[in-house]
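So the structure is just underneath, and the comments pick up after that.
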Amino acid sequence: MDKNTRISILIIIGAVLAAVVVIGGIVWGVMALTSETRETGKAFVIDLSSGEFEKARGAMHPSLAQTLTNEELAEMMAGSEAYESVSFSSIESVNSETTLRGTATTVSDCTSRVDLELLDGKITSFNITPLCPEP
């Protein structure tokens, strides 16, 4: 292998490594910037499903919290099993709006789809389907 070939190979390897570092930095940055929002979403789903409606309403945007009473939340969640874990596989964040999509799982291993929309870190809409029935 001549000197020019070795230099070309080293340049290609360097470019690939630089690209990996840049992509890794972007992924890490997105995860770091959305960490608090993801935690808010997880806590909201767990609080809502376990009957902690005041806590769940505390995570809501004020306009949503005003439209949903604890009694209405209880009616929505009636007969469903509480979730023990929540994970988000899709996170979209533009300016102060974030959309989280993922799943929530119960102790009995029932899984539901979770879709949350947040504005400035507060829940503006949520959808958990299908709800897992109590065992």
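Chain lettering (A, B, ...) mirrors the order of the structure tokens, residue numbering begins at 1 for each chain separately, and ligand numbering begins at 1 in order of display.
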key: Spatial neighbours of A:Arg101, 7 Å, only C-alpha atoms, chain gap at least 3 places, as a list in words   =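 So, after excluding close chain neighbours, the residues are Phe88, Ser89, Ser90, Ile91, Val114, Asp115 and Leu116 of chain A.
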Dump as a PDB file, in the first residue's frame, selection limited to N, CA, C and O atoms:
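Saved file selection.pdb follows:
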ATOM      1  N   PHE A  88     -40.658   6.501  26.470  1.00  0.00           N
ATOM      2  CA  PHE A  88     -40.978   7.250  25.266  1.00  0.00           C
ATOM      3  C   PHE A  88     -39.976   6.905  24.177  1.00  0.00           C
ATOM      4  O   PHE A  88     -38.777   7.029  24.364  1.00  0.00           O
ATOM      5  N   SER A  89     -40.496   6.474  23.027  1.00  0.00           N
ATOM      6  CA  SER A  89     -39.642   6.092  21.909  1.00  0.00           C
ATOM      7  C   SER A  89     -39.547   7.192  20.867  1.00  0.00           C
ATOM      8  O   SER A  89     -38.673   7.166  20.013  1.00  0.00           O
ATOM      9  N   SER A  90     -40.447   8.164  20.946  1.00  0.00           N
ATOM     10  CA  SER A  90     -40.435   9.273  20.003  1.00  0.00           C
ATOM     11  C   SER A  90     -40.577  10.580  20.772  1.00  0.00           C
ATOM     12  O   SER A  90     -41.501  10.740  21.570  1.00  0.00           O
ATOM     13  N   ILE A  91     -39.645  11.486  20.520  1.00  0.00           N
ATOM     14  CA  ILE A  91     -39.646  12.791  21.181  1.00  0.00           C
ATOM     15  C   ILE A  91     -39.434  13.842  20.105  1.00  0.00           C
ATOM     16  O   ILE A  91     -38.426  13.832  19.408  1.00  0.00           O
ATOM     17  N   VAL A 114     -49.047   5.608  24.642  1.00  0.00           N
ATOM     18  CA  VAL A 114     -49.138   6.907  25.305  1.00  0.00           C
ATOM     19  C   VAL A 114     -48.731   8.000  24.316  1.00  0.00           C
ATOM     20  O   VAL A 114     -47.673   7.914  23.692  1.00  0.00           O
ATOM     21  N   ASP A 115     -49.584   9.009  24.186  1.00  0.00           N
ATOM     22  CA  ASP A 115     -49.284  10.190  23.388  1.00  0.00           C
ATOM     23  C   ASP A 115     -49.528  11.415  24.269  1.00  0.00           C
ATOM     24  O   ASP A 115     -50.635  11.580  24.797  1.00  0.00           O
ATOM     25  N   LEU A 116     -48.506  12.237  24.435  1.00  0.00           N
ATOM     26  CA  LEU A 116     -48.616  13.451  25.243  1.00  0.00           C
ATOM     27  C   LEU A 116     -48.131  14.640  24.440  1.00  0.00           C
ATOM     28  O   LEU A 116     -47.146  14.536  23.700  1.00  0.00           O
TER      29      LEU A 116
END
query = Quick one: DSSP strand (DSSP E or B) residues in stretch 1-134 of chain A, as a PyMOL selection string?
reply = chain A and resi 60+80+83-94+97-106+111-119+122-129+133
ask   = Excluding same-chain residues fewer than 5 positions from stretch 48-55 of chain A, what lies within 9 Å of it counting only C-alpha atoms, as a VMD selection string?
value = chain A and resid 43 69 to 71 73 to 74 77 80 to 83
File of the preceding selection, N, CA, C and O atoms, as a short mmCIF file (atom, residue, chain, number, x, y, z; two decimals), in the first residue's frame:
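out_9.cif, freshly written:
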data_model
loop_
_atom_site.label_atom_id
_atom_site.label_comp_id
_atom_site.auth_asym_id
_atom_site.auth_seq_id
_atom_site.Cartn_x
_atom_site.Cartn_y
_atom_site.Cartn_z
N ALA A 43 -44.19 10.79 35.07
CA ALA A 43 -44.86 10.99 36.36
C ALA A 43 -46.36 11.23 36.15
O ALA A 43 -47.19 10.71 36.91
N THR A 69 -61.87 17.91 36.05
CA THR A 69 -61.91 17.78 37.50
C THR A 69 -61.34 16.43 37.91
O THR A 69 -61.18 15.53 37.08
N ASN A 70 -61.06 16.29 39.20
CA ASN A 70 -60.60 14.99 39.71
C ASN A 70 -61.63 13.91 39.45
O ASN A 70 -61.29 12.77 39.14
N GLU A 71 -62.91 14.26 39.56
CA GLU A 71 -63.98 13.29 39.34
C GLU A 71 -64.00 12.83 37.88
O GLU A 71 -64.20 11.64 37.60
N LEU A 73 -61.41 12.82 35.84
CA LEU A 73 -60.22 11.98 35.65
C LEU A 73 -60.46 10.59 36.23
O LEU A 73 -60.08 9.59 35.61
N ALA A 74 -61.10 10.52 37.39
CA ALA A 74 -61.41 9.22 38.01
C ALA A 74 -62.34 8.41 37.09
O ALA A 74 -62.15 7.19 36.93
N MET A 77 -60.39 6.94 34.16
CA MET A 77 -59.46 5.86 34.51
C MET A 77 -60.15 4.70 35.24
O MET A 77 -59.48 3.72 35.57
N SER A 80 -59.32 0.65 35.34
CA SER A 80 -58.04 0.38 34.70
C SER A 80 -56.95 0.13 35.74
O SER A 80 -57.02 0.62 36.86
N GLU A 81 -55.98 -0.64 35.34
CA GLU A 81 -54.85 -0.98 36.20
C GLU A 81 -53.81 0.14 36.14
O GLU A 81 -53.59 0.74 35.09
N ALA A 82 -53.16 0.40 37.27
CA ALA A 82 -52.13 1.43 37.32
C ALA A 82 -50.89 0.99 36.54
O ALA A 82 -50.54 -0.19 36.51
N TYR A 83 -50.23 1.96 35.92
CA TYR A 83 -49.00 1.69 35.18
C TYR A 83 -47.81 1.80 36.12
O TYR A 83 -47.79 2.64 37.01
#
message = Taking only C-alpha atoms into account, name the residue in A:Ser125, A:Ile46, A:Pro133, A:Leu17 that is nearest to A:Thr67.
response =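 When distances to A:Thr67 are compared using only C-alpha atoms, the smallest one comes from A:Ser125.
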key: Exercise: A:Leu118 partners within 9 Å, only C-alpha atoms, chain neighbours under 3 positions left out, as a list in words   = Thr37, Gly41, Met60, His61, Ser96, Glu97, Thr98, Thr99, Leu100, Gly121, Lys122, Ile123, Thr124, Ser125 and Phe126 of chain A
Please write the residues from the selection above to a file, keeping N, CA and C atoms, as a short mmCIF file (atom, residue, chain, number, x, y, z; two decimals), in the first residue's frame.
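Written out: out00.cif:
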data_model
loop_
_atom_site.label_atom_id
_atom_site.label_comp_id
_atom_site.auth_asym_id
_atom_site.auth_seq_id
_atom_site.Cartn_x
_atom_site.Cartn_y
_atom_site.Cartn_z
N THR A 37 -38.82 17.11 30.53
CA THR A 37 -40.12 16.90 29.89
C THR A 37 -40.51 15.43 29.93
N GLY A 41 -43.73 13.70 31.81
CA GLY A 41 -44.66 12.79 31.14
C GLY A 41 -44.81 11.47 31.86
N MET A 60 -50.47 19.41 34.41
CA MET A 60 -51.22 19.89 33.25
C MET A 60 -51.06 21.39 33.07
N HIS A 61 -51.20 21.81 31.83
CA HIS A 61 -51.28 23.23 31.50
C HIS A 61 -52.52 23.77 32.22
N SER A 96 -41.09 25.71 22.29
CA SER A 96 -41.52 25.31 23.63
C SER A 96 -42.59 24.22 23.59
N GLU A 97 -42.80 23.61 22.42
CA GLU A 97 -43.78 22.53 22.28
C GLU A 97 -43.06 21.20 22.12
N THR A 98 -43.53 20.20 22.88
CA THR A 98 -42.93 18.86 22.83
C THR A 98 -44.03 17.82 22.69
N THR A 99 -43.78 16.83 21.83
CA THR A 99 -44.68 15.68 21.69
C THR A 99 -43.91 14.44 22.11
N LEU A 100 -44.51 13.67 23.01
CA LEU A 100 -43.92 12.43 23.49
C LEU A 100 -44.82 11.27 23.07
N GLY A 121 -43.39 22.61 29.11
CA GLY A 121 -43.25 21.59 30.15
C GLY A 121 -44.54 21.20 30.84
N LYS A 122 -45.69 21.69 30.36
CA LYS A 122 -46.99 21.35 30.95
C LYS A 122 -47.83 20.59 29.93
N ILE A 123 -48.53 19.56 30.39
CA ILE A 123 -49.35 18.71 29.54
C ILE A 123 -50.52 19.52 28.97
N THR A 124 -50.64 19.55 27.64
CA THR A 124 -51.78 20.22 27.01
C THR A 124 -52.79 19.21 26.46
N SER A 125 -52.34 18.00 26.18
CA SER A 125 -53.26 16.94 25.78
C SER A 125 -52.61 15.59 26.04
N PHE A 126 -53.46 14.58 26.25
CA PHE A 126 -52.95 13.24 26.50
C PHE A 126 -53.92 12.21 25.95
#
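Pairwise distance (atom CA of A:Val45, atom CA of A:Thr129) equals 11.8 Å.
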task = Could you check how far atom CA of A:Ser112 sits from atom CA of A:Ser63, in Å to one decimal?
result = 25.7 Å
request  = Can you check which residues of stretch 32-133 of chain A DSSP gives as alpha helix (DSSP H) on the backbone and send them as number ranges by chain?
outcome  = A: 32-49, 53-58, 62-67, 70-77
key: Best match for closeness to A:Ala59 among A:Glu72, A:Ser87, A:Gly102, A:Glu36, counting only C-alpha atoms   =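 For A:Ala59, the nearest of the candidates is A:Glu36.
The two atoms in question, atom CA of A:Asn95 and atom CA of A:Ala65, are spaced 22.4 Å apart.
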